[in-house]
Amino acid sequence: MSLTVFVILSFSASAQEATIHGAVYEWDSFAPLENVIVEVNSTPSQSMLATYGLYSFNLDPGNYMISASYYSNNELVAYTEEQITISDDGDYVLDLILFPVYSDPLLNESDFSELEDIADLAESGDQGSSSFLSESTSVILIILLILLLFGVAVFVNQKKDSHMPGGTLSEGLSDDFVSDDSLGGLPDDLREVVSIIAENDGRITQKDLRTKVKHSEAKVSLMISDLESRGIVRKFKKGRGNVIILEDKNEEDNFICESALDNSSPDDPESHDNK
């Protein structure tokens with residue numbers, strides 16, 4: 001009887017397990033990133049090496065934090081983390097996009113020791129000064145502190161190129177990307193999106209576009225943003241969804257499309273784009 005109860009409980013526990021899996025992408029090229037360490041804070045914790053940019057875990061119902069770390073020369077250069085709630089057994093898909101991690105000695109706590117001394121002086125004040133002068137001094141010190149922090153942030157942004165995986169920002173972008181005035185140099189996935197829009201008379205909803213490509217929702221949104229930044233497409237809000245229009249349509253067609261989108265009802269069921 002004890003053996004039977006144990007088998008039943010084991011079967012019930014395994015039946016409630018869910019499978020969560022997905023791909024790990026680079027933030028700039030949207031390409032799968034290999035040899036990424038993916039971890040989940042289950043009990044006990046689980047981790048795996050996403051050799052080909054793919055990961056998978058079996059989890060019981062609950063709330064979890066999934067993190068992904070990419071190392072180069074034993075140094076963490078890209079990282080991301082996502083929360084997910086497993087409510088029942090089944091199949092869950094969660095794609096991860098890794099962003100650069102910056103380590104700059106300018107941000108050490110010791111570099112801000114002088115700022116702390118200034119703040120202490122502002123709080124203590126001069127016993128012999130009037131309250132008006134003390135308040136004015138505090139305001140000036142706060143402004144100087146904000147300007148100094150802003151200068152540090154600008155300097156860090158200027159050094160981003162030297163800390164990104166694969167070199168500078170321009171070097172990190174895929175060699176397949178070319179100038180906005182040419183479609184011939186676009187990668188295959190972006191050309192596929194442009195072809196689908198062209199086959200639909202240069203206009204398609206984002207919801208319909210996702211049904212015609214094999215990529216995940218996150219990657220489709222990133223590809224549309226990429227094409228929009230290149231001036232190849234434009235994205236308009238229609239109700240609760242988006243409409244994607246090729247930029248090579250003439251100005252009269254674009255004006256008609258924009259007018260139709262502005263006059264469309266937000267409750268139009270055909271305009272809903274549930275993500």
# chains A, B, ... in the order shown; residues from 1 in each chain; ligands from 1
call {"tool": "residues_around", "arguments": {"residues": "A:Glu82", "least_positions_apart": "2", "cutoff": "9 Å", "atoms": "only C-alpha atoms", "output": "VMD selection string"}}
result
chain A and resid 64 to 68 80 84 94 96
call {"tool": "atom_distance", "arguments": {"atom1": "atom CA of A:Ile196", "atom2": "atom CA of A:Gly239"}}
result
22.1 Å
call {"tool": "select_by_dssp", "arguments": {"residues": "stretch 21-66 of chain A", "states": "strand (DSSP E or B)", "output": "PyMOL selection string"}}
result
chain A and resi 21-26+32+36-40+46-50+54-59+62-66
call {"tool": "residues_around", "arguments": {"residues": "stretch 214-221 of chain A", "least_positions_apart": "2", "cutoff": "10 Å", "atoms": "only C-alpha atoms", "output": "MDAnalysis selection string"}}
result
chainID A and resid 22:23 25 30:31 93:97 189:190 193 206:207 209:212 223:226 275
call {"tool": "atom_distance", "arguments": {"atom1": "atom CA of A:Glu75", "atom2": "atom CA of A:Ser56"}}
result
24.5 Å
call {"tool": "closest_residue", "arguments": {"among": "A:Ala198, A:Leu227, A:Val77, A:Ile20", "to": "A:Phe99", "atoms": "only C-alpha atoms"}}
result
A:Val77
call {"tool": "atom_distance", "arguments": {"atom1": "atom CA of A:Phe236", "atom2": "atom CA of A:Leu222"}}
result
15.4 Å
